[in-house]
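Asker: As input, take data_1.pdb (PDB, C-alpha atoms):
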```
MODEL        1
ATOM      1  CA  MET A 853       0.000   0.000   0.000  1.00  0.00           C
ATOM      2  CA  MET A 854       1.188   3.491  -0.782  1.00  0.00           C
ATOM      3  CA  SER A 855       2.320   5.633   2.119  1.00  0.00           C
ATOM      4  CA  GLY A 856       0.395   8.787   3.020  1.00  0.00           C
ATOM      5  CA  ARG A 857       3.264  10.944   1.831  1.00  0.00           C
ATOM      6  CA  LYS A 858       3.349   9.232  -1.590  1.00  0.00           C
ATOM      7  CA  SER A 859      -0.433   9.471  -1.841  1.00  0.00           C
ATOM      8  CA  ALA A 860      -0.305  13.184  -1.055  1.00  0.00           C
ATOM      9  CA  GLU A 861       2.439  13.680  -3.658  1.00  0.00           C
ATOM     10  CA  TYR A 862       0.357  11.838  -6.282  1.00  0.00           C
ATOM     11  CA  GLY A 863      -2.731  13.929  -5.541  1.00  0.00           C
ATOM     12  CA  GLU A 864      -0.737  17.159  -5.533  1.00  0.00           C
ATOM     13  CA  GLN A 865       0.868  16.392  -8.897  1.00  0.00           C
ATOM     14  CA  MET A 866      -2.457  15.395 -10.479  1.00  0.00           C
ATOM     15  CA  GLY A 867      -4.003  18.625  -9.193  1.00  0.00           C
ATOM     16  CA  ARG A 868      -1.103  20.662 -10.590  1.00  0.00           C
ATOM     17  CA  ALA A 869      -1.428  18.899 -13.934  1.00  0.00           C
ATOM     18  CA  GLU A 870      -5.157  19.532 -14.250  1.00  0.00           C
ATOM     19  CA  GLY A 871      -4.661  23.145 -13.130  1.00  0.00           C
ATOM     20  CA  ALA A 872      -1.955  23.651 -15.737  1.00  0.00           C
ATOM     21  CA  LEU A 873      -4.247  22.219 -18.409  1.00  0.00           C
ATOM     22  CA  SER A 874      -7.054  24.575 -17.440  1.00  0.00           C
ATOM     23  CA  ASN A 875      -4.577  27.448 -17.932  1.00  0.00           C
ATOM     24  CA  ASP A 876      -3.427  26.084 -21.338  1.00  0.00           C
ATOM     25  CA  LYS A 877       0.016  25.198 -19.965  1.00  0.00           C
ATOM     26  CA  VAL A 878       0.195  21.827 -21.664  1.00  0.00           C
ATOM     27  CA  ASP A 879       3.937  21.263 -21.244  1.00  0.00           C
ATOM     28  CA  ALA A 880       3.710  21.958 -17.506  1.00  0.00           C
ATOM     29  CA  ALA A 881       0.740  19.590 -17.303  1.00  0.00           C
ATOM     30  CA  LEU A 882       2.741  16.821 -18.978  1.00  0.00           C
ATOM     31  CA  VAL A 883       5.567  17.286 -16.448  1.00  0.00           C
ATOM     32  CA  SER A 884       3.130  17.123 -13.533  1.00  0.00           C
ATOM     33  CA  PHE A 885       1.380  14.025 -14.931  1.00  0.00           C
ATOM     34  CA  ALA A 886       4.801  12.369 -15.302  1.00  0.00           C
ATOM     35  CA  ASN A 887       5.612  13.305 -11.697  1.00  0.00           C
ATOM     36  CA  ALA A 888       2.281  11.845 -10.567  1.00  0.00           C
ATOM     37  CA  ALA A 889       3.118   8.622 -12.424  1.00  0.00           C
ATOM     38  CA  LYS A 890       6.437   8.471 -10.546  1.00  0.00           C
ATOM     39  CA  ALA A 891       4.732   9.177  -7.217  1.00  0.00           C
ATOM     40  CA  ASP A 892       2.381   6.217  -7.732  1.00  0.00           C
ATOM     41  CA  PRO A 893       3.610   3.858 -10.438  1.00  0.00           C
ATOM     42  CA  THR A 894       0.539   1.642 -10.084  1.00  0.00           C
ATOM     43  CA  ARG A 895      -1.972   4.268 -11.249  1.00  0.00           C
ATOM     44  CA  LYS A 896      -3.084   4.426 -14.857  1.00  0.00           C
ATOM     45  CA  GLU A 897      -4.710   7.875 -14.753  1.00  0.00           C
ATOM     46  CA  PRO A 898      -1.617  10.002 -15.362  1.00  0.00           C
ATOM     47  CA  TRP A 899      -0.676   7.785 -18.299  1.00  0.00           C
ATOM     48  CA  VAL A 900      -4.149   8.009 -19.838  1.00  0.00           C
ATOM     49  CA  ARG A 901      -4.102  11.802 -19.513  1.00  0.00           C
ATOM     50  CA  MET A 902      -0.616  12.006 -21.073  1.00  0.00           C
ATOM     51  CA  ALA A 903      -1.784   9.768 -23.936  1.00  0.00           C
ATOM     52  CA  GLN A 904      -4.804  12.011 -24.538  1.00  0.00           C
ATOM     53  CA  ILE A 905      -2.677  15.149 -24.577  1.00  0.00           C
ATOM     54  CA  GLN A 906      -0.077  13.673 -26.913  1.00  0.00           C
ATOM     55  CA  PHE A 907      -2.791  12.402 -29.271  1.00  0.00           C
ATOM     56  CA  ASP A 908      -4.418  15.843 -29.330  1.00  0.00           C
ATOM     57  CA  ARG A 909      -1.027  17.362 -30.171  1.00  0.00           C
ATOM     58  CA  ASN A 910      -0.552  14.870 -33.065  1.00  0.00           C
ATOM     59  CA  ASN A 911       2.405  13.327 -31.203  1.00  0.00           C
ATOM     60  CA  TYR A 912       1.227   9.824 -32.013  1.00  0.00           C
ATOM     61  CA  ALA A 913       4.413   7.966 -31.053  1.00  0.00           C
ATOM     62  CA  HIS A 914       4.358   9.553 -27.578  1.00  0.00           C
ATOM     63  CA  ALA A 915       0.621   8.852 -27.334  1.00  0.00           C
ATOM     64  CA  ILE A 916       1.286   5.180 -28.085  1.00  0.00           C
ATOM     65  CA  VAL A 917       3.948   4.936 -25.373  1.00  0.00           C
ATOM     66  CA  ALA A 918       1.675   6.547 -22.763  1.00  0.00           C
ATOM     67  CA  ALA A 919      -1.320   4.428 -23.790  1.00  0.00           C
ATOM     68  CA  GLU A 920       0.791   1.270 -23.507  1.00  0.00           C
ATOM     69  CA  GLU A 921       1.836   2.305 -19.991  1.00  0.00           C
ATOM     70  CA  ALA A 922      -1.818   2.809 -19.047  1.00  0.00           C
ATOM     71  CA  LEU A 923      -2.746  -0.586 -20.493  1.00  0.00           C
ATOM     72  CA  GLN A 924       0.018  -2.272 -18.491  1.00  0.00           C
ATOM     73  CA  ARG A 925      -1.774  -1.011 -15.393  1.00  0.00           C
ATOM     74  CA  ASP A 926      -5.310  -1.719 -16.659  1.00  0.00           C
ATOM     75  CA  GLY A 927      -5.557  -3.861 -19.775  1.00  0.00           C
ATOM     76  CA  ARG A 928      -9.288  -3.126 -20.089  1.00  0.00           C
ATOM     77  CA  ASP A 929      -9.031   0.679 -20.325  1.00  0.00           C
ATOM     78  CA  LEU A 930     -10.970   1.584 -23.479  1.00  0.00           C
ATOM     79  CA  ILE A 931      -9.658   5.142 -23.673  1.00  0.00           C
ATOM     80  CA  ALA A 932      -6.047   3.955 -23.681  1.00  0.00           C
ATOM     81  CA  GLU A 933      -6.898   1.182 -26.150  1.00  0.00           C
ATOM     82  CA  GLY A 934      -8.623   3.668 -28.468  1.00  0.00           C
ATOM     83  CA  ILE A 935      -5.710   6.110 -28.322  1.00  0.00           C
ATOM     84  CA  LEU A 936      -3.261   3.280 -28.996  1.00  0.00           C
ATOM     85  CA  THR A 937      -5.253   2.032 -31.982  1.00  0.00           C
ATOM     86  CA  LEU A 938      -5.977   5.425 -33.530  1.00  0.00           C
ATOM     87  CA  SER A 939      -2.415   6.656 -33.020  1.00  0.00           C
ATOM     88  CA  GLY A 940      -1.080   3.564 -34.755  1.00  0.00           C
ATOM     89  CA  LEU A 941      -3.495   4.064 -37.632  1.00  0.00           C
ATOM     90  CA  ARG A 942      -2.527   7.721 -37.968  1.00  0.00           C
ATOM     91  CA  ILE A 943       1.162   6.793 -38.130  1.00  0.00           C
ATOM     92  CA  ALA A 944       0.454   4.055 -40.679  1.00  0.00           C
ATOM     93  CA  SER A 945      -1.709   6.399 -42.746  1.00  0.00           C
ATOM     94  CA  GLN A 946       0.972   9.087 -42.809  1.00  0.00           C
ATOM     95  CA  SER A 947       3.593   6.521 -43.777  1.00  0.00           C
ATOM     96  CA  LEU A 948       1.440   5.073 -46.567  1.00  0.00           C
ATOM     97  CA  GLN A 949       0.784   8.559 -47.887  1.00  0.00           C
ATOM     98  CA  ARG A 950       4.515   9.313 -47.989  1.00  0.00           C
ATOM     99  CA  LEU A 951       5.218   5.981 -49.697  1.00  0.00           C
ATOM    100  CA  GLY A 952       2.472   6.620 -52.226  1.00  0.00           C
ATOM    101  CA  GLU A 953       3.824  10.075 -53.004  1.00  0.00           C
ATOM    102  CA  ARG A 954       7.188   8.494 -53.801  1.00  0.00           C
ATOM    103  CA  ASP A 955       5.537   5.681 -55.781  1.00  0.00           C
ATOM    104  CA  ALA A 956       7.096   3.210 -53.372  1.00  0.00           C
ATOM    105  CA  LEU A 957       3.994   1.030 -53.234  1.00  0.00           C
ATOM    106  CA  GLY A 958       4.744  -0.347 -56.690  1.00  0.00           C
ATOM    107  CA  SER A 959       5.597  -3.880 -55.627  1.00  0.00           C
ATOM    108  CA  GLU A 960       2.862  -6.477 -55.561  1.00  0.00           C
ATOM    109  CA  THR A 961       3.850  -7.439 -52.023  1.00  0.00           C
ATOM    110  CA  ALA A 962       3.312  -3.890 -50.773  1.00  0.00           C
ATOM    111  CA  ARG A 963      -0.053  -3.592 -52.539  1.00  0.00           C
ATOM    112  CA  ARG A 964      -1.160  -6.983 -51.186  1.00  0.00           C
ATOM    113  CA  GLU A 965      -0.234  -5.970 -47.639  1.00  0.00           C
ATOM    114  CA  ALA A 966      -2.010  -2.620 -48.008  1.00  0.00           C
ATOM    115  CA  ARG A 967      -5.154  -4.383 -49.303  1.00  0.00           C
ATOM    116  CA  ALA A 968      -5.048  -6.878 -46.408  1.00  0.00           C
ATOM    117  CA  LEU A 969      -4.804  -4.018 -43.921  1.00  0.00           C
ATOM    118  CA  ALA A 970      -7.707  -2.214 -45.604  1.00  0.00           C
ATOM    119  CA  GLU A 971      -9.812  -5.385 -45.393  1.00  0.00           C
ATOM    120  CA  THR A 972      -8.995  -5.779 -41.702  1.00  0.00           C
ATOM    121  CA  LEU A 973      -9.987  -2.173 -41.028  1.00  0.00           C
ATOM    122  CA  LYS A 974     -13.243  -2.484 -42.967  1.00  0.00           C
ATOM    123  CA  THR A 975     -14.154  -5.668 -41.122  1.00  0.00           C
ATOM    124  CA  ALA A 976     -13.324  -4.062 -37.768  1.00  0.00           C
ATOM    125  CA  ILE A 977     -15.583  -1.075 -38.409  1.00  0.00           C
ATOM    126  CA  GLY A 978     -18.360  -3.196 -39.851  1.00  0.00           C
ATOM    127  CA  GLU A 979     -18.141  -2.422 -43.554  1.00  0.00           C
ATOM    128  CA  GLU A 980     -18.252  -4.979 -46.335  1.00  0.00           C
ATOM    129  CA  PRO A 981     -14.789  -5.960 -47.564  1.00  0.00           C
ATOM    130  CA  VAL A 982     -13.889  -5.087 -51.151  1.00  0.00           C
ATOM    131  CA  VAL A 983     -13.678  -8.093 -53.475  1.00  0.00           C
ATOM    132  CA  ASP A 984     -10.479  -8.170 -55.531  1.00  0.00           C
ATOM    133  CA  ASP A 985     -11.892 -10.092 -58.518  1.00  0.00           C
ATOM    134  CA  GLU A 986     -12.756  -7.206 -60.876  1.00  0.00           C
ATOM    135  CA  GLU A 987     -14.924  -8.969 -63.488  1.00  0.00           C
ATOM    136  CA  ASP A 988     -17.235 -10.822 -61.089  1.00  0.00           C
ATOM    137  CA  ASP A 989     -17.330  -7.900 -58.718  1.00  0.00           C
ATOM    138  CA  ARG A 990     -18.439  -5.301 -61.287  1.00  0.00           C
ATOM    139  CA  SER A 991     -21.811  -6.976 -61.813  1.00  0.00           C
ATOM    140  CA  ALA A 992     -22.279  -7.543 -58.068  1.00  0.00           C
ATOM    141  CA  ARG A 993     -21.553  -3.868 -57.346  1.00  0.00           C
ATOM    142  CA  ALA A 994     -23.900  -2.741 -60.107  1.00  0.00           C
ATOM    143  CA  SER A 995     -26.792  -4.609 -58.460  1.00  0.00           C
ATOM    144  CA  ARG A 996     -26.144  -3.104 -55.009  1.00  0.00           C
ATOM    145  CA  PRO A 997     -27.615   0.241 -54.015  1.00  0.00           C
ATOM    146  CA  ALA A 998     -25.091   3.054 -54.122  1.00  0.00           C
ATOM    147  CA  PRO A 999     -23.445   3.632 -50.759  1.00  0.00           C
ATOM    148  CA  ARG A1000     -24.160   6.877 -48.971  1.00  0.00           C
ATOM    149  CA  PRO A1001     -21.261   9.294 -49.250  1.00  0.00           C
ATOM    150  CA  LYS A1002     -19.261   9.547 -46.075  1.00  0.00           C
ATOM    151  CA  PRO A1003     -18.186  12.905 -44.707  1.00  0.00           C
ATOM    152  CA  ARG A1004     -14.644  13.778 -45.715  1.00  0.00           C
ATOM    153  CA  VAL A1005     -12.185  14.088 -42.896  1.00  0.00           C
ATOM    154  CA  SER A1006      -8.991  15.915 -43.631  1.00  0.00           C
ATOM    155  CA  ALA A1007      -5.796  14.094 -42.887  1.00  0.00           C
ATOM    156  CA  PRO A1008      -3.633  15.354 -40.051  1.00  0.00           C
ATOM    157  CA  PRO A1009      -0.857  17.701 -41.084  1.00  0.00           C
ATOM    158  CA  LYS A1010       2.065  15.897 -42.626  1.00  0.00           C
ATOM    159  CA  PRO A1011       5.189  16.068 -40.488  1.00  0.00           C
ATOM    160  CA  LYS A1012       8.311  17.478 -42.104  1.00  0.00           C
ATOM    161  CA  THR A1013      10.792  14.704 -42.689  1.00  0.00           C
ATOM    162  CA  THR A1014      14.076  14.316 -44.447  1.00  0.00           C
ATOM    163  CA  VAL A1015      14.576  11.328 -46.658  1.00  0.00           C
ATOM    164  CA  SER A1016      17.897   9.582 -46.745  1.00  0.00           C
ATOM    165  CA  LYS A1017      19.184   8.273 -50.045  1.00  0.00           C
ATOM    166  CA  ARG A1018      18.674   4.684 -48.869  1.00  0.00           C
ATOM    167  CA  SER A1019      15.027   5.158 -47.802  1.00  0.00           C
ATOM    168  CA  ALA A1020      14.183   6.794 -51.122  1.00  0.00           C
ATOM    169  CA  ASN A1021      14.527   3.336 -52.687  1.00  0.00           C
ATOM    170  CA  ASP A1022      11.667   0.864 -52.598  1.00  0.00           C
ATOM    171  CA  PRO A1023      11.368   0.012 -48.863  1.00  0.00           C
ATOM    172  CA  PHE A1024       9.640  -3.253 -49.776  1.00  0.00           C
ATOM    173  CA  SER A1025      12.392  -4.525 -52.042  1.00  0.00           C
ATOM    174  CA  GLY A1026      13.698  -6.815 -49.296  1.00  0.00           C
ATOM    175  CA  ILE A1027      10.308  -8.437 -48.727  1.00  0.00           C
ATOM    176  CA  GLY A1028       9.791 -11.728 -50.490  1.00  0.00           C
ATOM    177  CA  GLY A1029       6.906 -12.462 -52.846  1.00  0.00           C
ATOM    178  CA  ASP A1030       7.912 -10.733 -56.091  1.00  0.00           C
TER     179      ASP A1030
ENDMDL
END
```
Would you write out, as structure tokens, the structure that this file holds?
Answerer:
Amino acid sequence: MMSGRKSAEYGEQMGRAEGALSNDKVDAALVSFANAAKADPTRKEPWVRMAQIQFDRNNYAHAIVAAEEALQRDGRDLIAEGILTLSGLRIASQSLQRLGERDALGSETARREARALAETLKTAIGEEPVVDDEEDDRSARASRPAPRPKPRVSAPPKPKTTVSKRSANDPFSGIGGD
């Protein structure tokens, strides 16, 4: 059991963090949440709050780390699980966009993997998977009612990156299958 002094330190740091957030001092809040996590390493709350903040700041890698820490303390936390999942998808989406812009998805292996991921996502969110057989699928699609258009959501801002000479080559060239 945590000593009274440690418990008081945890509560004080959480209070400081929430106060800093209410005054738009996000960096100070992150420091106080980290201090609260040190004061009571068994608590998930500071980690969940840090994950939320990092996700809101588009710092997806940091959000993933904090969400993982929260899930180590409570594997059933849906907020942490959601942040972990969405952060991973945002990173993957940004990476795929960069690869597409450099025409690096030209290998059949890369396209197959991208299609498999898309199918997994569609199944997870309850949409019908796309059939890859074009000829048979055209007639099936023609007989279905047209899907309702979905609202467009703009992609998060693309981070500035530098590309090394080596990564400008096809990153999938070492993967078997072609």
Asker: Ranking A:Ala869, A:Ile905, A:Leu882, A:Val900 by minimum distance to A:Leu923 and counting only C-alpha atoms, which one comes first?
Answerer: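 Looking only at the distances to A:Leu923, the closest residue turns out to be A:Val900.
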Asker: Given the point (-0.5, 16.5, -6.7) in the coordinates of this file, which residues lie within 12 Å, counting all atoms listed in the file, and how would they look as a compact mmCIF listing (two decimals) with C-alpha atoms, in the frame of the given file?
Answerer:
```
# COMPACT_ATOMS: atom_id res chain seq x y z
CA ARG A 857 3.26 10.94 1.83
CA LYS A 858 3.35 9.23 -1.59
CA SER A 859 -0.43 9.47 -1.84
CA ALA A 860 -0.30 13.18 -1.06
CA GLU A 861 2.44 13.68 -3.66
CA TYR A 862 0.36 11.84 -6.28
CA GLY A 863 -2.73 13.93 -5.54
CA GLU A 864 -0.74 17.16 -5.53
CA GLN A 865 0.87 16.39 -8.90
CA MET A 866 -2.46 15.40 -10.48
CA GLY A 867 -4.00 18.62 -9.19
CA ARG A 868 -1.10 20.66 -10.59
CA ALA A 869 -1.43 18.90 -13.93
CA GLU A 870 -5.16 19.53 -14.25
CA GLY A 871 -4.66 23.14 -13.13
CA ALA A 872 -1.96 23.65 -15.74
CA ALA A 881 0.74 19.59 -17.30
CA VAL A 883 5.57 17.29 -16.45
CA SER A 884 3.13 17.12 -13.53
CA PHE A 885 1.38 14.02 -14.93
CA ALA A 886 4.80 12.37 -15.30
CA ASN A 887 5.61 13.30 -11.70
CA ALA A 888 2.28 11.84 -10.57
CA ALA A 889 3.12 8.62 -12.42
CA LYS A 890 6.44 8.47 -10.55
CA ALA A 891 4.73 9.18 -7.22
CA ASP A 892 2.38 6.22 -7.73
CA PRO A 898 -1.62 10.00 -15.36
```
Asker: Which residues are close to stretch 925-936 of chain A, i.e. within 6 Å by all atoms listed in the file, leaving aside same-chain residues fewer than 4 positions away? Reply as a list in words.
Answerer: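 Contacts, in chain order: Lys896, Val900, Ile916 and Ala919 of chain A.
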Asker: In Å, with one decimal, what is the gap from atom CA of A:Asp908 to atom CA of A:Ser947?
Answerer: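 Taking atom CA of A:Asp908 as the start and atom CA of A:Ser947 as the end point, the length is 19.0 Å.
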Asker: Centre and edge lengths, as AutoDock Vina command-line options, for the axis-aligned box enclosing every listed atom of stretch 895-910 of chain A with 3 Å of padding on each of the six sides, in Å to one decimal?
Answerer:
```
--center_x -2.4 --center_y 10.8 --center_z -22.2 --size_x 10.7 --size_y 19.1 --size_z 27.8
```
Asker: Within 12 Å of (-6.7, -3.4, -38.5) (coordinates as in the file), grab all the protein and nucleic acid residues, counting all atoms listed in the file, and write them out as a list in words.
Answerer: Thr937, Leu938, Gly940, Leu941, Arg942, Ala944, Ser945, Glu965, Ala966, Arg967, Ala968, Leu969, Ala970, Glu971, Thr972, Leu973, Lys974, Thr975, Ala976, Ile977 and Gly978 of chain A
Asker: Between A:Ala880, A:Ala922, A:Ala913, A:Ser874, which has the minimum distance to A:Glu897 (counting only C-alpha atoms)?
Answerer: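 Counting only C-alpha atoms, the residue closest to A:Glu897 is A:Ala922.
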Asker: Quick one: pull the distance between atom CA of A:Phe907 and atom CA of A:Glu920, Å, one decimal.
Answerer: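 That distance, rounded to one decimal, is 13.0 Å.
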Asker: Between atom CA of A:Lys877 and atom CA of A:Met902, what is the distance, to one decimal in Å?
Answerer: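 Computing the Euclidean distance for atom CA of A:Lys877 and atom CA of A:Met902 yields 13.3 Å.
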Asker: Here is a test: counting only C-alpha atoms, which residue of A:Gln906, A:Asn875, A:Trp899, A:Gly958 is nearest to A:Ala918?
Answerer: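 Closest candidate: A:Trp899.
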